[in-house]
Structure formats: C-alpha cells, structure tokens
Amino acid sequence: MQAKVRYRILFLTSLPILLTLVSLVFITIYWNVIYTGKQLFMKVNADLVVANSTLMQMQERQQEQLDSISESWDFQHAFRLLKHSEQQPNPNAISALNMLLAQQQQTLGLDFLRLISVADAAADPDLRLMLHQTEQKVLSGLMVLPAKRLQRINSSLATQAQITLIPTSHAKQPKKSIETRGLLSRTLLPIADQSGNVFWYLDGGMLFNHNTIIVDHIRDLVYAKGTLPERSIGTVTLFLDNIRISTNVPMELFPKENQKPNRALGTLVSDEVYQQVLIEGQTWINRAFVFNDWYISGYLPLRDVRGQRIGMVYAGFSESPFLHNYLLNIIELGTILVLVLLISGFLVYRGANSLLQPIEHIHQVVTAVQSGRNVRIGKLDINGENELAHLAEQFDSMLDQLQRRNAQIQAAAEQLEIKVEQRTRSLQDKTEELERNVALLHATRQQLVTNEKLTALGELIAGIAHEINNPTAVILGNMELLKAELGDNATVVEEEIELVIQQVGRITTIIRSLLQYSRPGEFNAPITLQPVTQIVEEMLLLARHSIEQQEVTLIKEFTATGSVEVNRPQLLQVLINLMVNAAHAIENKGRIWLRTYDWLEEGKPIGVKIEVEDEGIGITKEDLSRIFDPFYTTRKDGTGLGLSLSYGIIKRLGGTIEVNSTVGKGTIFTIGLYHNAKDYQQLGPYEGLHFGDGFNS
C-alpha cells in the first residue's frame, strides 16, 4: 500500500513538473517565434530606414559638394571670364573650368561633373525634366538612363553600367542577358552671374552600377562588428528594377581562406518581393530568399525625379545563425528541465509516508476556506505530539483570528471610504476655486501691465508731440515759402522740396495718431446706432486692394441682425487694420474668414460680434502678450500702432477684443460690441482684452 502511495505521490508530483516542462518548451518556442521574430523584423526595419536615410544624405552631400565648387574662388574667377551675352563663350575660361571640374570630380569621387549651358540643358530630355522642377534652385534625384544617354554624358559610364544577368532561384527568368541601363544619383545646380541671371548649370552625379563604396559604407554603418551573431552576414543592395546593380551579398556564403568573396551582381530579386515592392509600391519587412539563402530582409522602393518606382534599396542579414541559436536554447532548456524532473521525483518518492492522510485532510479544509466556507481542521487521527497536529491547531487558531480581523478591517474600511470621499470632495472644491483665482489674477496682472504701459506712453507722447509740432510747422511753412520764392527756379529742387513736405506730413500723421493715447477724450467722435453688416461690406471695398495683392480667398459668413452704437469711420479703421494684418500674416495662398453674428447672453441678444480668422503663420506666446503695445510690430514696414489704436477705439466703446492664435495654423480676432455703448471709464481694469494661444476647433 505504501509503495502504491509513493508511486502515486511520485506521479502526482512529477505530473506538474512534466506539464511545466512541456509548457516551458512551448512558451520558449512561442516567444522565439513571435517576440524574437518580431524583434528581428523591427531591427531590419530600422536598418532599412538607416540605409534609405544614408542614400538621401549622400544626395544632400552631393548638392553641398557642387555648391562648394560653385562658390570656390577658382571657379568664380574662371566663371567671370565667360561672356554670357556672346554666342561663343571665352574658350580660355571654358578650358580652365573643365580642368577645375575634372580635378574636383576625381577628388570628390564623382563619376561625372560638367558645366552645361541653359540651351544645352533645355535640349537634353533628361535635364529638361529636372529644369521644370528646379525653379532656379539646386535639385537632386535618381534617374535611369539607357546606354546612349549615358555615353552622351561620359563615354566611360556606358561601359561601367553593363552588368551580366544571372538566373536566380525564386525569381523570374531574365528576358535579356546584359543590363545596359544605369542608375544615377544626379544633381543640377544653377550658376548665376553677377546680375542674378542663370546661363549655366553644374551637372554632376554618381553611377550606382558596380559601385561598391556606397553599399559597403551602409553595411559597415548598420552591421558593425558585434551587432549580429557569429557567422551571420549583414548585407545591403541597390536594385535597378529587380536587378542587383550594387551589392555586398556574396556568391558563396563561406568562401575559402584568402579568397576574395564574389558579389552577387546581376542576380535577381525573388518574384514575391518584386510584386509587393515594385509593382504595388509597398515596403517588405519579412523573410526573403536572397540568391542562395534565407535572410531577414527589408526592401523599400526607390523613386526617380518624376516619382516613378525604378528600383529598390535592401538591407538584411542571414537567418540561419538565429535558427541555430534558437534550437540550441531549446535543447539546453529541455535538458535542464528533465534533470529537475528526475531529481524532484526521487526526493518525493523518498519523503512520501504517513504524511499523506493528514496532509490530504488539511488540504481539503484549506480548499474549503478558500472557497468561502467557515470550517476548521479539528482533531487529526495521529499522535498529539506530531508536528502536523500542532500545525492543525495553529491553523485553526489563525483562521479564528483572521475571521475577527476581517470583520474589523471591513468596518474600518467602510468608515475610511466615507472620510476619503468627504476629503476628496472638499479638496476638489478648493482646487477649482484656486484655479479660478489664479486665472483671474493672471488676467488682471496682464491687463494692468498693458494699462500702465499705455498711461506712461501717453504722458511721454503728450510732451514729445508738443515739442515736435512747432518745428514741423516751421519746416512746412518755410518749404512752402521757399517754393514760392524760387518760382520757376524751383523745378531743379522740386522733387527734394516735395519729399521734405511729404515726410513732414508723415510726421504730423504719426503725431496725430500718438495723441490718441495722451488725450483720447479729444478724439472721441460721436457714436450712432449702426448696422454692422453694412459697415463690414464697406470695409471690404476699402481693403479690397490689400486682399487681392496677397492672393487670399475671402469667406464671408454674415448672420448678425442687430445694430450697435459706434462711430462708423473709427470702426472701419479697426476692421481695415485687422483685415490687412490677416492678409499679411498669410505667406502664400490661404483663406480669411470674416464673420458677424449676434452676441447672446442667457439666450438674449446684447450686441454683435465680428470675427476675422486667417490661415497665417500665427502668433507666438511671447508676442501675443505684446501685440497691443504701441510701436511693437513684427513686420519690417509696420509702425506698431494699428492694434494699439484699435484697442483704444473698442475700449472707448466699452467693447471687447479676444485673440486666439496657434503658431503655424492661424489667428482669430473677435470684436464684441454692445447694442448700447458702455462708458469705458466704468470698466474693470482687466475687462475688454482677452488672450489665447489656441483655436477651439
């Protein structure tokens, strides 16, 4: 009987270990297949991105090389000797330039570098395609040329481009035996003379066919020593269509010692990759058969200057070393688990004895307690001095204490939950109140700073304007007198006299605008009840020229029905200033929205709001708090008075100005006008002006 129990214990104990063994093996297989495989695909995707970025950097470096040549003293000195207006250029200058370009071509490692006239470039169908895209700027891109066009650039390029095609497993059979086309990285740089006219271009580039420098550089960058397992091969390839024209994929995986590995030039990509990458234009990140072995591979389509798919860039590494390490890990894990199973089974067999029944009873009670039943172990049919008997008594005592403490904890938890809920609610209320106070304090401080600036500036301007008006009146009077005294002789200096009078008038205009800060009451024009939509329509006629100059699209949304108390010319001045600013904020073509709608509070109309929204460059947070400061402007030709005057006009009407702006997206100015104008002196120190740094879209 005891032997049977021991065997049963051995079986029961070994079964979980055996299941654990099987589970760990399957989990290990799953992790290696799913997670390790995913990590390999993520790595090859990153390698592919680096390879593609390196190609783009190579083209940028090619642009910088040509630009450096064009700005060198030797090139500029020889280039100035060319007579662009003559039909035949200076032969000495052409000879000097050709010698210089030949030296630079060899120094920079380019396959061709030449100076070509605008007429010759326009006659070349390949360069003509690039000319349409340069817009007098340097342009680089990939280009596929047949042998005749390669020979027209450089006679050696056609020979260098020839590649013998090799039938490849998993790929379509080639329809020709030799590839004569060439894949070029080409840069076209316009050379302007001293007058800014372009009569010549620098045409330079590199042929990828048989070029091993680029792919080896990318391979050494991506697959440096220690990044791959032993005997794993990292490779990079450039394809023309489905043909390897530049690669470090070896013909033999493990060449003999002192044997230079042959490159798999002229071999073809697998048909599955060809369909997905070149035909469908998608990126391939998966296993792929590469010439003679399976590789973890990444393929990305290459596009020429016209945006058409002409080839692929590939990065990948051999799969077999990873499979070898994977199988080795499985074998090691299985061996360790089998040893653990044997040792644990032996120990269980030796230790199984009379402990079975008490342990089984204790196990049943523990299971019942875990399921929620209130049971105890009680007396065991064994000697009272047995350790299991003491264990059973202690376990029953522990269950009793645990039951009492659970009841206490439950009661305390309920009380604690009530207190936490009360404290949380109180804390939330105080936090919301604090946030409102902080926001109010920030708005008040911002408005006080603006008001202090305007007050100080008004006092300063009042004194300056008084001192400037007297000498400007004297200058203007003397200019008129000088013009009258000279009579017909004034014709000689008439332009200078008119310029002085014009500038004096400009000074007078600026002083008049500035006086609105020092004595705003003197400039208060009478206000009358006016329909807003008519004023906005009139403003569009006045600002039409500025809008048409910027080539913007105006979108009108007029839904306002009420009238407001304003001074019509002053409101026109404010709206024209906002429209002109919106048009100038748009660098290229864009849209401006002009809206009017009724201003409602609690469902009742109290006035009208006018919005001017643009798709301009936006206003930064630093500039947003200063746009209403006098003389502050970000435009070269601006005075910085427009928004300041607009703010003063709206404030005297008791209205509001809101500004919301997002950098790179645009700005919204919102003007609020009441049906009955309010006395601005009765407003609070922070009313009427609101800033924001984002749209509510």
# chains A, B, ... in the order shown; residues from 1 in each chain; ligands from 1
$ residues_around --residues "Ser68 in chain A" --least-positions-apart "4" --cutoff "12 Å" --atoms "only C-alpha atoms" --output "list in words"
Arg61, Gln62, Gln63, Glu64, Ser72, Trp73, Asp74, Phe75, Gln76, Leu101, Gln104, Leu108, Leu189, Ile191 and Leu202 of chain A
$ residues_around --residues "Trp284 in chain A" --least-positions-apart "2" --cutoff "10 Å" --atoms "only C-alpha atoms" --output "ChimeraX atom specification"
/A:45,48,272-274,276-277,281-282,286-288,297-301,314
$ closest_atom_pairs --of "range 382-430 of chain A" --to "range 358-374 of chain A" --cutoff "10 Å" --atoms "only C-alpha atoms" --output "JSON lines"
{"residue": "A:Ile382", "atom": "CA", "partner": "A:Pro358", "partner_atom": "CA", "distance": 8.1}
{"residue": "A:Leu388", "atom": "CA", "partner": "A:Pro358", "partner_atom": "CA", "distance": 7.2}
{"residue": "A:Ala389", "atom": "CA", "partner": "A:Pro358", "partner_atom": "CA", "distance": 8.5}
{"residue": "A:Leu391", "atom": "CA", "partner": "A:Ile362", "partner_atom": "CA", "distance": 9.4}
{"residue": "A:Ala392", "atom": "CA", "partner": "A:Ile362", "partner_atom": "CA", "distance": 7.3}
{"residue": "A:Phe395", "atom": "CA", "partner": "A:Ile362", "partner_atom": "CA", "distance": 9.2}
{"residue": "A:Asp396", "atom": "CA", "partner": "A:Val365", "partner_atom": "CA", "distance": 9.9}
{"residue": "A:Leu399", "atom": "CA", "partner": "A:Val369", "partner_atom": "CA", "distance": 8.9}
{"residue": "A:Asp400", "atom": "CA", "partner": "A:Asn374", "partner_atom": "CA", "distance": 9.6}
{"residue": "A:Gln403", "atom": "CA", "partner": "A:Asn374", "partner_atom": "CA", "distance": 9.1}
$ closest_residue --among "A:Leu476, A:Leu481, A:Leu441, A:Leu24" --to "Ile501 in chain A" --atoms "only C-alpha atoms"
A:Leu476
$ residues_around --residues "Phe322 in chain A" --least-positions-apart "2" --cutoff "12 Å" --atoms "only C-alpha atoms" --output "PyMOL selection string"
chain A and resi 32-33+36-37+39-40+228-233+294-296+317-320+324-329
$ select_by_dssp --residues "range 145-232 of chain A" --states "strand (DSSP E)" --output "PyMOL selection string"
chain A and resi 145+163-164+178-179+182-192+198-207
$ residues_around --residues "range 79-82 of chain A" --least-positions-apart "3" --cutoff "9 Å" --atoms "only C-alpha atoms" --output "MDAnalysis selection string"
chainID A and resid 74:76 85:86 89:94 96:97 193:194
$ write_last_selection --atoms "C-alpha atoms" --output "compact mmCIF listing (two decimals), in the first residue's frame"
# COMPACT_ATOMS: atom_id res chain seq x y z
CA ASP A 74 38.99 79.31 -58.68
CA PHE A 75 35.58 78.54 -60.17
CA GLN A 76 34.23 82.07 -59.70
CA SER A 85 25.95 87.81 -73.88
CA GLU A 86 28.16 86.45 -76.69
CA PRO A 89 31.94 81.75 -74.73
CA ASN A 90 35.52 82.55 -73.91
CA PRO A 91 37.48 79.36 -74.82
CA ASN A 92 40.16 80.06 -72.19
CA ALA A 93 37.51 80.31 -69.47
CA ILE A 94 35.84 77.08 -70.69
CA ALA A 96 40.04 76.48 -67.15
CA LEU A 97 36.61 75.48 -65.87
CA ASP A 193 26.15 85.57 -62.87
CA GLN A 194 26.69 88.89 -61.05
$ closest_atom_pairs --of "range 265-333 of chain A" --to "range 134-154 of chain A" --cutoff "9 Å" --atoms "only C-alpha atoms" --output "CSV"
residue,atom,partner,partner_atom,distance
A:Leu302,CA,A:Leu142,CA,8.2
A:Arg303,CA,A:Leu142,CA,6.9
A:Asp304,CA,A:Leu142,CA,4.5
A:Val305,CA,A:Gly141,CA,5.1
A:Arg306,CA,A:Met143,CA,8.8
A:Ile310,CA,A:Val144,CA,7.4
$ atom_distance --atom1 "CA of Met539 in chain A" --atom2 "CA of His584 in chain A"
16.6 Å
$ select_by_dssp --residues "range 120-210 of chain A" --states "helix (DSSP H, G or I)" --output "MDAnalysis selection string"
chainID A and resid 120:123 125:134 147:153 155:161
$ closest_residue --among "A:Gly463, A:Pro167, A:Pro321, A:Gly334" --to "Thr28 in chain A" --atoms "only C-alpha atoms"
A:Gly334
$ closest_residue --among "A:Thr212, A:Thr164, A:Ser246, A:Asn567" --to "Lys176 in chain A" --atoms "only C-alpha atoms"
A:Thr164
$ residues_around --residues "Gly618 in chain A" --least-positions-apart "5" --cutoff "9 Å" --atoms "only C-alpha atoms" --output "JSON, numbers by chain"
{"A": [585, 661, 662, 663, 664, 665, 666, 667]}
$ write_last_selection --atoms "all heavy atoms" --output "PDB file, in the first residue's frame"
ATOM      1  N   ALA A 585      -0.412  88.186 -42.761  1.00  0.00           N
ATOM      2  CA  ALA A 585       0.016  87.015 -41.983  1.00  0.00           C
ATOM      3  C   ALA A 585       0.077  85.755 -42.838  1.00  0.00           C
ATOM      4  O   ALA A 585       0.675  84.766 -42.425  1.00  0.00           O
ATOM      5  CB  ALA A 585      -0.940  86.791 -40.807  1.00  0.00           C
ATOM      6  N   SER A 661      -4.626  82.334 -31.003  1.00  0.00           N
ATOM      7  CA  SER A 661      -3.672  82.070 -32.083  1.00  0.00           C
ATOM      8  C   SER A 661      -2.934  80.776 -31.831  1.00  0.00           C
ATOM      9  O   SER A 661      -2.638  80.416 -30.680  1.00  0.00           O
ATOM     10  CB  SER A 661      -2.664  83.221 -32.197  1.00  0.00           C
ATOM     11  OG  SER A 661      -1.787  83.010 -33.296  1.00  0.00           O
ATOM     12  N   THR A 662      -2.660  80.059 -32.917  1.00  0.00           N
ATOM     13  CA  THR A 662      -1.837  78.848 -32.887  1.00  0.00           C
ATOM     14  C   THR A 662      -0.735  79.005 -33.941  1.00  0.00           C
ATOM     15  O   THR A 662      -1.029  79.252 -35.113  1.00  0.00           O
ATOM     16  CB  THR A 662      -2.665  77.593 -33.192  1.00  0.00           C
ATOM     17  OG1 THR A 662      -3.679  77.469 -32.206  1.00  0.00           O
ATOM     18  CG2 THR A 662      -1.789  76.348 -33.178  1.00  0.00           C
ATOM     19  N   VAL A 663       0.513  78.855 -33.520  1.00  0.00           N
ATOM     20  CA  VAL A 663       1.637  79.035 -34.445  1.00  0.00           C
ATOM     21  C   VAL A 663       1.562  77.994 -35.556  1.00  0.00           C
ATOM     22  O   VAL A 663       1.416  76.802 -35.294  1.00  0.00           O
ATOM     23  CB  VAL A 663       2.980  78.926 -33.686  1.00  0.00           C
ATOM     24  CG1 VAL A 663       4.143  79.020 -34.660  1.00  0.00           C
ATOM     25  CG2 VAL A 663       3.072  80.033 -32.643  1.00  0.00           C
ATOM     26  N   GLY A 664       1.654  78.459 -36.789  1.00  0.00           N
ATOM     27  CA  GLY A 664       1.599  77.574 -37.941  1.00  0.00           C
ATOM     28  C   GLY A 664       0.200  77.248 -38.403  1.00  0.00           C
ATOM     29  O   GLY A 664       0.032  76.617 -39.451  1.00  0.00           O
ATOM     30  N   LYS A 665      -0.831  77.674 -37.666  1.00  0.00           N
ATOM     31  CA  LYS A 665      -2.211  77.361 -38.043  1.00  0.00           C
ATOM     32  C   LYS A 665      -3.011  78.618 -38.339  1.00  0.00           C
ATOM     33  O   LYS A 665      -3.739  78.676 -39.313  1.00  0.00           O
ATOM     34  CB  LYS A 665      -2.883  76.561 -36.927  1.00  0.00           C
ATOM     35  CG  LYS A 665      -4.283  76.083 -37.279  1.00  0.00           C
ATOM     36  CD  LYS A 665      -4.856  75.203 -36.167  1.00  0.00           C
ATOM     37  CE  LYS A 665      -6.249  74.702 -36.522  1.00  0.00           C
ATOM     38  NZ  LYS A 665      -6.832  73.864 -35.453  1.00  0.00           N
ATOM     39  N   GLY A 666      -2.895  79.656 -37.544  1.00  0.00           N
ATOM     40  CA  GLY A 666      -3.599  80.885 -37.834  1.00  0.00           C
ATOM     41  C   GLY A 666      -4.026  81.616 -36.577  1.00  0.00           C
ATOM     42  O   GLY A 666      -3.689  81.234 -35.452  1.00  0.00           O
ATOM     43  N   THR A 667      -4.781  82.719 -36.770  1.00  0.00           N
ATOM     44  CA  THR A 667      -5.174  83.609 -35.678  1.00  0.00           C
ATOM     45  C   THR A 667      -6.635  84.015 -35.865  1.00  0.00           C
ATOM     46  O   THR A 667      -7.107  84.155 -36.998  1.00  0.00           O
ATOM     47  CB  THR A 667      -4.270  84.858 -35.662  1.00  0.00           C
ATOM     48  OG1 THR A 667      -2.905  84.441 -35.566  1.00  0.00           O
ATOM     49  CG2 THR A 667      -4.601  85.745 -34.461  1.00  0.00           C
TER      50      THR A 667
END
$ atom_distance --atom1 "CA of Glu332 in chain A" --atom2 "CA of Lys43 in chain A"
26.1 Å
